[in-house]
file start27.cif (mmCIF, C-alpha atoms)
data_coords
#
loop_
_atom_site.label_atom_id
_atom_site.label_comp_id
_atom_site.auth_asym_id
_atom_site.auth_seq_id
_atom_site.Cartn_x
_atom_site.Cartn_y
_atom_site.Cartn_z
CA MET A 911 42.05 44.09 112.85
CA SER A 912 45.13 44.06 110.61
CA ASN A 913 43.55 41.29 108.45
CA PHE A 914 40.42 43.41 108.05
CA LEU A 915 42.51 46.49 107.16
CA MET A 916 44.51 44.54 104.57
CA SER A 917 41.33 43.03 103.06
CA PHE A 918 39.77 46.49 102.85
CA ALA A 919 42.97 47.91 101.35
CA LYS A 920 43.09 45.17 98.69
CA TRP A 921 39.45 45.76 97.78
CA LEU A 922 39.92 49.55 97.62
CA GLU A 923 43.12 49.35 95.57
CA ASN A 924 41.36 47.18 92.97
CA THR A 925 38.31 49.38 92.46
CA ARG A 926 38.07 50.76 88.94
CA TRP A 927 38.65 54.36 89.92
CA ALA A 928 41.66 53.52 92.17
CA LEU A 929 43.22 51.50 89.36
CA SER A 930 42.69 54.39 86.95
CA ILE A 931 44.69 56.65 89.30
CA SER A 932 47.58 54.26 89.91
CA GLY A 933 47.74 53.29 86.24
CA SER A 934 47.75 56.81 84.84
CA ASN A 935 50.74 59.11 84.33
CA TRP A 936 48.65 62.26 84.68
CA ALA A 937 46.04 61.21 87.27
CA TYR A 938 48.47 60.58 90.13
CA PRO A 939 50.11 64.07 89.97
CA PHE A 940 46.63 65.57 89.66
CA VAL A 941 45.52 63.77 92.83
CA GLN A 942 48.72 64.91 94.61
CA TRP A 943 47.94 68.46 93.44
CA THR A 944 44.45 68.22 94.94
CA HIS A 945 45.85 66.97 98.27
CA PHE A 946 48.61 69.62 98.45
CA SER A 947 46.32 72.49 97.37
CA GLY A 948 43.84 71.54 100.08
CA LEU A 949 46.66 71.21 102.60
CA SER A 950 47.99 74.66 101.65
CA LEU A 951 44.63 76.24 102.54
CA TRP A 952 44.18 74.01 105.62
CA LEU A 953 47.68 74.18 107.10
CA GLY A 954 48.37 77.73 105.90
CA THR A 955 45.34 79.04 107.79
CA ASN A 956 46.06 76.76 110.77
CA PHE A 957 49.61 78.06 111.04
CA ALA A 958 48.43 81.69 110.68
CA LEU A 959 46.01 81.26 113.61
CA ASP A 960 48.61 79.38 115.70
CA PHE A 961 51.16 82.17 115.16
CA ARG A 962 48.51 84.71 116.19
CA LEU A 963 47.71 82.69 119.34
CA LEU A 964 51.44 82.67 120.06
CA GLY A 965 51.27 86.46 119.94
CA LEU A 966 53.52 86.68 116.88
CA GLY A 967 53.06 88.91 113.86
CA LYS A 968 51.38 92.22 113.14
CA LYS A 969 48.21 91.90 115.28
CA ARG A 970 45.98 94.08 113.07
CA ASN A 971 43.22 91.61 113.88
CA THR A 972 42.63 89.90 117.21
CA ALA A 973 42.94 86.11 117.35
CA ALA A 974 39.13 85.89 117.59
CA GLU A 975 38.70 88.03 114.46
CA LEU A 976 41.32 86.03 112.57
CA ALA A 977 39.80 82.67 113.59
CA ASN A 978 36.40 83.87 112.39
CA ALA A 979 37.79 85.28 109.13
CA LEU A 980 39.73 82.12 108.24
CA PHE A 981 37.10 79.57 109.36
CA ALA A 982 35.28 78.89 106.06
CA TRP A 983 38.34 78.45 103.86
CA ASN A 984 40.18 76.58 106.62
CA TRP A 985 37.57 73.80 106.56
CA THR A 986 37.16 74.01 102.78
CA GLY A 987 40.90 73.30 102.54
CA PHE A 988 40.46 70.37 104.92
CA GLY A 989 37.71 68.92 102.72
CA ILE A 990 39.83 69.23 99.58
CA ALA A 991 42.85 67.71 101.38
CA ILE A 992 40.74 64.75 102.58
CA CYS A 993 39.41 64.09 99.06
CA GLY A 994 42.91 64.18 97.55
CA GLY A 995 44.36 62.21 100.45
CA PHE A 996 41.76 59.46 100.16
CA MET A 997 42.42 59.10 96.42
CA LEU A 998 46.18 58.93 97.08
CA PHE A 999 45.59 56.31 99.77
CA ALA A 1000 43.26 54.25 97.56
CA SER A 1001 45.76 54.07 94.70
CA SER A 1002 48.32 52.23 96.90
CA ALA A 1003 46.23 51.19 99.91
CA THR A 1004 48.01 47.87 100.60
CA LYS A 1005 51.37 49.69 100.88
CA TYR A 1006 50.01 52.41 103.15
CA VAL A 1007 48.25 50.15 105.71
CA VAL A 1008 51.57 48.44 106.57
CA ASN A 1009 53.65 51.63 106.54
CA PRO A 1010 54.54 52.70 110.12
CA ALA A 1011 54.90 56.38 109.18
CA PHE A 1012 51.47 56.43 107.52
CA LEU A 1013 49.85 54.61 110.47
CA LEU A 1014 51.46 57.08 112.90
CA LYS A 1015 50.31 60.02 110.75
CA LEU A 1016 46.70 58.99 110.33
CA GLY A 1017 46.27 56.93 113.50
CA ILE A 1018 47.81 59.27 116.08
CA PHE A 1019 48.93 62.68 114.91
CA VAL A 1020 46.11 63.73 112.56
CA PRO A 1021 43.28 62.89 115.03
CA LEU A 1022 45.18 64.56 117.90
CA ALA A 1023 46.01 67.67 115.84
CA LEU A 1024 42.41 67.87 114.62
CA ILE A 1025 41.02 67.79 118.17
CA VAL A 1026 43.46 70.45 119.32
CA HIS A 1027 42.66 72.58 116.26
CA ILE A 1028 38.91 72.43 116.91
CA ILE A 1029 39.47 73.39 120.55
CA ASN A 1030 41.79 76.26 119.58
CA GLN A 1031 39.39 77.51 116.93
CA GLN A 1032 36.52 77.56 119.45
CA LYS A 1033 38.55 78.93 122.35
CA ALA A 1034 40.08 81.67 120.17
CA LYS A 1035 36.66 83.37 120.39
CA THR A 1036 37.26 83.98 124.11
CA TRP A 1037 41.07 83.91 124.34
CA GLY A 1038 41.48 86.30 121.42
CA LEU A 1039 39.07 89.10 122.30
CA THR A 1040 41.96 91.48 123.01
CA PRO A 1041 45.18 92.01 121.03
CA ASP A 1042 47.24 90.28 123.76
CA VAL A 1043 46.41 86.62 124.35
CA PRO A 1044 46.67 84.70 127.66
CA GLY A 1045 49.49 82.24 128.32
CA ILE A 1046 47.20 79.21 127.88
CA ALA A 1047 46.42 80.37 124.32
CA LYS A 1048 50.12 80.58 123.51
CA CYS A 1049 50.65 77.04 124.82
CA ALA A 1050 47.67 75.80 122.80
CA GLY A 1051 48.92 77.50 119.63
CA LEU A 1052 52.41 76.05 120.06
CA PHE A 1053 51.04 72.56 120.78
CA GLU A 1054 48.91 72.59 117.63
CA LEU A 1055 51.83 73.89 115.54
CA VAL A 1056 54.08 71.07 116.80
CA LEU A 1057 51.39 68.45 116.13
CA TRP A 1058 50.88 69.55 112.52
CA LEU A 1059 54.66 69.57 111.98
CA CYS A 1060 54.65 65.96 113.31
CA VAL A 1061 51.97 65.13 110.71
CA VAL A 1062 54.12 66.61 107.92
CA THR A 1063 57.19 64.76 109.25
CA CYS A 1064 55.30 61.45 109.19
CA ALA A 1065 54.09 62.22 105.66
CA VAL A 1066 57.60 62.84 104.29
CA SER A 1067 58.83 59.70 106.09
CA ILE A 1068 56.32 57.42 104.34
CA SER A 1069 58.66 56.84 101.39
CA THR A 1070 61.51 55.93 103.79
CA PHE A 1071 59.45 53.04 105.20
CA GLU A 1072 57.99 51.83 101.93
CA THR A 1073 58.28 48.07 101.21
CA PHE A 1074 57.95 46.78 97.70
CA MET B 802 76.22 75.87 84.27
CA ASP B 803 77.02 72.17 84.43
CA GLN B 804 80.19 72.91 86.42
CA PHE B 805 78.14 74.99 88.86
CA TYR B 806 75.63 72.15 89.28
CA GLN B 807 78.45 69.64 89.83
CA ALA B 808 80.05 71.96 92.39
CA LEU B 809 76.74 72.22 94.25
CA ALA B 810 76.22 68.46 94.21
CA HIS B 811 79.71 67.89 95.61
CA ASN B 812 79.68 70.69 98.17
CA PRO B 813 80.63 68.92 101.45
CA PHE B 814 78.10 70.75 103.63
CA LEU B 815 75.16 70.29 101.24
CA PHE B 816 76.20 66.69 100.53
CA TYR B 817 76.23 65.95 104.26
CA ILE B 818 72.68 67.29 104.69
CA ASN B 819 71.33 65.43 101.67
CA SER B 820 73.01 62.14 102.71
CA SER B 821 71.56 62.27 106.21
CA THR B 822 68.13 60.62 106.55
CA VAL B 823 67.15 62.93 109.42
CA LEU B 824 68.46 66.18 107.95
CA SER B 825 67.05 65.55 104.48
CA ALA B 826 63.66 64.74 106.06
CA MET B 827 63.88 68.05 107.96
CA MET B 828 64.53 69.83 104.65
CA GLU B 829 61.42 68.20 103.15
CA VAL B 830 59.31 69.18 106.18
CA ALA B 831 60.60 72.77 105.94
CA HIS B 832 59.87 72.83 102.20
CA TYR B 833 56.33 71.45 102.44
CA ALA B 834 55.38 73.45 105.56
CA GLY B 835 56.96 76.56 104.04
CA PHE B 836 55.09 76.43 100.75
CA MET B 837 51.81 75.56 102.47
CA LEU B 838 52.18 78.60 104.72
CA LEU B 839 53.14 80.72 101.69
CA VAL B 840 50.31 79.59 99.42
CA GLY B 841 47.69 79.46 102.21
CA SER B 842 48.47 83.03 103.30
CA ILE B 843 48.45 84.64 99.86
CA ALA B 844 45.40 82.59 98.80
CA ILE B 845 43.29 83.97 101.66
CA VAL B 846 44.23 87.57 100.81
CA ASP B 847 43.46 86.93 97.12
CA LEU B 848 40.12 85.36 98.05
CA ARG B 849 39.30 88.38 100.22
CA ILE B 850 40.07 90.75 97.34
CA LEU B 851 37.81 88.60 95.16
CA GLY B 852 35.07 89.03 97.75
CA LEU B 853 34.98 85.31 98.53
CA ALA B 854 36.47 85.22 102.02
CA ALA B 855 36.67 86.98 105.38
CA HIS B 856 33.99 89.59 104.71
CA SER B 857 34.12 90.72 108.34
CA ARG B 858 37.71 91.96 107.94
CA THR B 859 39.17 94.56 105.59
CA ALA B 860 41.51 93.23 102.91
CA ALA B 861 44.23 95.62 104.09
CA SER B 862 44.13 94.37 107.72
CA LEU B 863 44.11 90.74 106.59
CA ALA B 864 47.04 91.41 104.27
CA GLN B 865 48.99 93.10 107.07
CA ASP B 866 48.48 90.06 109.30
CA LEU B 867 49.10 87.38 106.67
CA PHE B 868 51.83 88.73 104.39
CA PRO B 869 54.61 88.35 107.01
CA TRP B 870 53.71 84.65 107.10
CA MET B 871 53.69 84.45 103.33
CA TRP B 872 57.28 85.68 103.29
CA THR B 873 58.26 83.47 106.24
CA GLY B 874 56.89 80.47 104.37
CA PHE B 875 58.70 81.56 101.20
CA ALA B 876 62.02 81.85 103.09
CA PHE B 877 61.69 78.33 104.50
CA ALA B 878 60.65 76.93 101.11
CA LEU B 879 63.48 78.74 99.29
CA VAL B 880 66.30 77.71 101.64
CA SER B 881 65.14 74.09 101.97
CA GLY B 882 64.42 73.95 98.24
CA PHE B 883 67.95 75.11 97.44
CA VAL B 884 69.45 72.43 99.70
CA MET B 885 67.28 69.74 98.10
CA PHE B 886 68.08 71.08 94.60
CA ALA B 887 71.81 70.87 95.38
CA GLY B 888 71.54 67.15 96.13
CA ASP B 889 70.56 66.43 92.52
CA ALA B 890 71.66 69.71 90.94
CA PRO B 891 72.82 68.33 87.55
CA ASP B 892 69.54 66.42 87.05
CA PHE B 893 67.33 69.28 88.30
CA GLY B 894 69.28 71.79 86.23
CA ARG B 895 68.69 69.80 83.04
CA SER B 896 64.98 69.27 83.75
CA TRP B 897 62.76 71.58 81.66
CA VAL B 898 59.88 70.97 84.09
CA PHE B 899 61.98 72.23 86.99
CA GLN B 900 62.94 75.32 84.96
CA VAL B 901 59.23 75.94 84.28
CA LYS B 902 58.55 75.58 88.03
CA VAL B 903 61.16 78.21 88.94
CA LEU B 904 59.90 80.64 86.27
CA TRP B 905 56.29 80.03 87.33
CA ILE B 906 57.10 80.81 90.95
CA ILE B 907 58.93 84.02 89.94
CA VAL B 908 55.84 85.19 88.02
CA ALA B 909 53.58 84.21 90.94
CA LEU B 910 55.83 86.19 93.30
CA ILE B 911 55.54 89.28 91.08
CA PHE B 912 51.75 89.09 91.34
CA GLY B 913 52.00 88.41 95.08
CA ILE B 914 54.17 91.50 95.55
CA ALA B 915 51.73 93.54 93.44
CA VAL B 916 48.86 92.45 95.71
CA GLN B 917 50.84 93.21 98.85
CA TRP B 918 51.92 96.63 97.57
CA LYS B 919 48.56 97.78 96.25
CA VAL B 920 45.91 96.14 98.45
CA SER B 921 45.58 99.10 100.83
CA SER B 922 45.20 101.64 98.01
CA TRP B 923 42.79 99.40 96.06
CA GLU B 924 40.35 99.06 98.95
CA ARG B 925 37.57 101.64 98.84
CA PRO B 926 37.43 103.26 102.33
CA GLU B 927 33.62 103.53 102.59
CA SER B 928 32.50 100.13 101.33
CA HIS B 929 35.77 98.09 101.62
CA SER B 930 34.98 96.75 98.15
CA MET B 931 37.60 96.24 95.46
CA PRO B 932 37.77 97.56 91.87
CA ILE B 933 37.58 95.07 88.99
CA PHE B 934 41.28 95.47 88.18
CA ALA B 935 42.21 94.44 91.75
CA LYS B 936 40.00 91.36 91.49
CA PHE B 937 41.65 90.48 88.17
CA VAL B 938 45.15 90.70 89.69
CA ALA B 939 44.04 88.64 92.72
CA LEU B 940 42.49 85.99 90.44
CA ILE B 941 45.70 85.69 88.42
CA SER B 942 47.71 85.54 91.66
CA ILE B 943 45.70 82.67 93.14
CA ILE B 944 45.69 80.76 89.83
CA LEU B 945 49.47 81.12 89.64
CA TRP B 946 50.04 79.91 93.20
CA ILE B 947 47.71 76.93 92.94
CA GLY B 948 49.28 76.26 89.55
CA ALA B 949 52.75 76.37 91.14
CA ILE B 950 51.74 73.37 93.25
CA LEU B 951 50.71 71.46 90.10
CA VAL B 952 53.97 72.32 88.33
CA SER B 953 55.91 71.23 91.43
CA VAL B 954 54.30 67.77 91.60
CA GLU B 955 54.92 67.33 87.86
CA VAL B 956 58.70 67.70 88.34
CA PRO B 957 59.19 64.17 89.78
CA ALA B 958 56.34 62.79 87.63
CA ILE B 959 57.76 63.96 84.30
CA SER B 960 61.51 64.21 84.90
CA GLY B 961 61.88 61.49 87.58
CA VAL B 962 63.96 63.82 89.76
CA GLY B 963 63.06 64.67 93.36
#
call {"tool": "encode", "arguments": {"input": "start27.cif", "output": "structure tokens"}}
result
Amino acid sequence: MSNFLMSFAKWLENTRWALSISGSNWAYPFVQWTHFSGLSLWLGTNFALDFRLLGLGKKRNTAAELANALFAWNWTGFGIAICGGFMLFASSATKYVVNPAFLLKLGIFVPLALIVHIINQQKAKTWGLTPDVPGIAKCAGLFELVLWLCVVTCAVSISTFETF
Amino acid sequence: MDQFYQALAHNPFLFYINSSTVLSAMMEVAHYAGFMLLVGSIAIVDLRILGLAAHSRTAASLAQDLFPWMWTGFAFALVSGFVMFAGDAPDFGRSWVFQVKVLWIIVALIFGIAVQWKVSSWERPESHSMPIFAKFVALISIILWIGAILVSVEVPAISGVG
């Protein structure tokens, strides 16, 4: 499995478009910008819904109304983040596939957080019909919040584990 | 100013945080999570004013729910950003890109405050639509905030600091 991953990473890193990102002074910040802009929409809206499920904040809208209102741009942000993230990964793929923080981020925390997010987004339609949310919704909101913070922690730790 | 930057860089408390692998990682997490919450929240309100998001909700109700999180995110980003700045204060202080970033964020904040202050009065009560001027302010606001992210990633790219 690790041989396959490394072979794939080597191939990806040497594609023309990946080389143009890693070899360019302006392309790499642009790709980072894409990833962070997408993440701002994605995580910003995730956090807003999680806080609402926790029963925090102004409560002008119910959790169900907020989940519905944020849905389109939440997933648009995810799409933009994935595009930027893939380009970032491709530009240094062989470094990322052996980085424990990156493997933990993408292998464990992102899939887990994504599953919990989808469940919360769907369940918010029933949990969040009234201004006050049930205890299970608060637990779910807190769990998702913690998982996304774990993703961010893994992401900032990537540079700590980098080998040259 | 240089003396101030040196004093910050040598402050024992700030130096301790920036020298600790765990604490400095926590500062980065707070900074990234904070600005994502800040930008995500204001962006949704701006998109609603532009008529591009959350049509089922009024802009005023969305703003009331999201602006507390915008300011919470800003507080986390500001405090963690100051701690991280202190670690390399002389280099950050001399960096023109970093100065542009700070100025950019100040201008973006002014537009964010304008949106927060005026969104309820802009919204037409019958149709919940927005006047052209409101859409213009919201467009500038979202461009500034997304632009702030670009300026921020250029700081290490151009100046090599951070």
call {"tool": "closest_residue", "arguments": {"input": "start27.cif", "among": "B:Ala878, B:Val846, B:Leu863, B:Ala890", "to": "Met802 in chain B", "atoms": "all atoms listed in the file"}}
result
B:Ala890
call {"tool": "residues_around", "arguments": {"input": "start27.cif", "residues": "Phe946 in chain A", "least_positions_apart": "4", "cutoff": "7 Å", "atoms": "all atoms listed in the file", "output": "PyMOL selection string"}}
result
chain A and resi 942+950+991
call {"tool": "resolve_selection", "arguments": {"input": "start27.cif", "expression": "the PyMOL selection byres ((chain B) within 6 of (chain A))", "output": "ChimeraX atom specification"}}
result
/B:830,837-838,840-842,855,862,866,951,954
call {"tool": "resolve_selection", "arguments": {"input": "start27.cif", "expression": "the PyMOL selection byres ((chain B and resi 904-921) around 10)", "output": "compact mmCIF listing (two decimals) with C-alpha atoms, in the coordinates of the input"}}
result
# COMPACT_ATOMS: atom_id res chain seq x y z
CA VAL B 840 50.31 79.59 99.42
CA ILE B 843 48.45 84.64 99.86
CA ALA B 844 45.40 82.59 98.80
CA VAL B 846 44.23 87.57 100.81
CA ASP B 847 43.46 86.93 97.12
CA ILE B 850 40.07 90.75 97.34
CA THR B 859 39.17 94.56 105.59
CA ALA B 860 41.51 93.23 102.91
CA ALA B 861 44.23 95.62 104.09
CA SER B 862 44.13 94.37 107.72
CA LEU B 863 44.11 90.74 106.59
CA ALA B 864 47.04 91.41 104.27
CA GLN B 865 48.99 93.10 107.07
CA LEU B 867 49.10 87.38 106.67
CA PHE B 868 51.83 88.73 104.39
CA MET B 871 53.69 84.45 103.33
CA PHE B 875 58.70 81.56 101.20
CA VAL B 898 59.88 70.97 84.09
CA PHE B 899 61.98 72.23 86.99
CA GLN B 900 62.94 75.32 84.96
CA VAL B 901 59.23 75.94 84.28
CA LYS B 902 58.55 75.58 88.03
CA VAL B 903 61.16 78.21 88.94
CA SER B 922 45.20 101.64 98.01
CA TRP B 923 42.79 99.40 96.06
CA GLU B 924 40.35 99.06 98.95
CA ARG B 925 37.57 101.64 98.84
CA PRO B 926 37.43 103.26 102.33
CA HIS B 929 35.77 98.09 101.62
CA MET B 931 37.60 96.24 95.46
CA ALA B 935 42.21 94.44 91.75
CA LYS B 936 40.00 91.36 91.49
CA VAL B 938 45.15 90.70 89.69
CA ALA B 939 44.04 88.64 92.72
CA LEU B 940 42.49 85.99 90.44
CA ILE B 941 45.70 85.69 88.42
CA SER B 942 47.71 85.54 91.66
CA ILE B 943 45.70 82.67 93.14
CA ILE B 944 45.69 80.76 89.83
CA LEU B 945 49.47 81.12 89.64
CA TRP B 946 50.04 79.91 93.20
CA ILE B 947 47.71 76.93 92.94
CA GLY B 948 49.28 76.26 89.55
CA ALA B 949 52.75 76.37 91.14
CA ILE B 950 51.74 73.37 93.25
CA VAL B 952 53.97 72.32 88.33
CA SER B 953 55.91 71.23 91.43
call {"tool": "atom_distance", "arguments": {"input": "start27.cif", "atom1": "CA of Ala1023 in chain A", "atom2": "CA of Phe988 in chain A"}}
result
12.5 Å
call {"tool": "residues_near_point", "arguments": {"input": "start27.cif", "point": "(46.4, 70.2, 113.9)", "cutoff": "7 Å", "atoms": "all atoms listed in the file", "output": "list of chain:residue names"}}
result
A:Val1020, A:Ala1023, A:Leu1024, A:Val1026, A:His1027, A:Glu1054, A:Leu1055, A:Leu1057, A:Trp1058
call {"tool": "build_atoms", "arguments": {"input": "start27.cif", "residues": "range 911-922 of chain A", "atoms": "N, CA and C atoms", "output": "PDB file, keeping the file's coordinate frame"}}
result
ATOM      1  N   MET A 911      42.154  42.682 113.310  1.00  0.00           N
ATOM      2  CA  MET A 911      42.050  44.090 112.850  1.00  0.00           C
ATOM      3  C   MET A 911      42.944  44.322 111.628  1.00  0.00           C
ATOM      4  N   SER A 912      44.204  43.818 111.723  1.00  0.00           N
ATOM      5  CA  SER A 912      45.130  44.060 110.610  1.00  0.00           C
ATOM      6  C   SER A 912      44.682  43.275 109.375  1.00  0.00           C
ATOM      7  N   ASN A 913      44.075  42.068 109.586  1.00  0.00           N
ATOM      8  CA  ASN A 913      43.550  41.290 108.450  1.00  0.00           C
ATOM      9  C   ASN A 913      42.423  42.051 107.763  1.00  0.00           C
ATOM     10  N   PHE A 914      41.534  42.643 108.588  1.00  0.00           N
ATOM     11  CA  PHE A 914      40.420  43.410 108.050  1.00  0.00           C
ATOM     12  C   PHE A 914      40.940  44.599 107.253  1.00  0.00           C
ATOM     13  N   LEU A 915      41.923  45.310 107.839  1.00  0.00           N
ATOM     14  CA  LEU A 915      42.510  46.490 107.160  1.00  0.00           C
ATOM     15  C   LEU A 915      43.106  46.100 105.817  1.00  0.00           C
ATOM     16  N   MET A 916      43.853  44.976 105.805  1.00  0.00           N
ATOM     17  CA  MET A 916      44.510  44.540 104.570  1.00  0.00           C
ATOM     18  C   MET A 916      43.458  44.126 103.535  1.00  0.00           C
ATOM     19  N   SER A 917      42.399  43.443 103.994  1.00  0.00           N
ATOM     20  CA  SER A 917      41.330  43.030 103.060  1.00  0.00           C
ATOM     21  C   SER A 917      40.661  44.265 102.463  1.00  0.00           C
ATOM     22  N   PHE A 918      40.382  45.245 103.317  1.00  0.00           N
ATOM     23  CA  PHE A 918      39.770  46.490 102.850  1.00  0.00           C
ATOM     24  C   PHE A 918      40.693  47.202 101.871  1.00  0.00           C
ATOM     25  N   ALA A 919      41.993  47.234 102.210  1.00  0.00           N
ATOM     26  CA  ALA A 919      42.970  47.910 101.350  1.00  0.00           C
ATOM     27  C   ALA A 919      43.046  47.241  99.974  1.00  0.00           C
ATOM     28  N   LYS A 920      43.026  45.912  99.968  1.00  0.00           N
ATOM     29  CA  LYS A 920      43.090  45.170  98.690  1.00  0.00           C
ATOM     30  C   LYS A 920      41.862  45.465  97.851  1.00  0.00           C
ATOM     31  N   TRP A 921      40.693  45.485  98.506  1.00  0.00           N
ATOM     32  CA  TRP A 921      39.450  45.760  97.780  1.00  0.00           C
ATOM     33  C   TRP A 921      39.491  47.181  97.185  1.00  0.00           C
ATOM     34  N   LEU A 922      39.901  48.144  98.034  1.00  0.00           N
ATOM     35  CA  LEU A 922      39.920  49.550  97.620  1.00  0.00           C
ATOM     36  C   LEU A 922      40.895  49.779  96.458  1.00  0.00           C
TER      37      LEU A 922
END
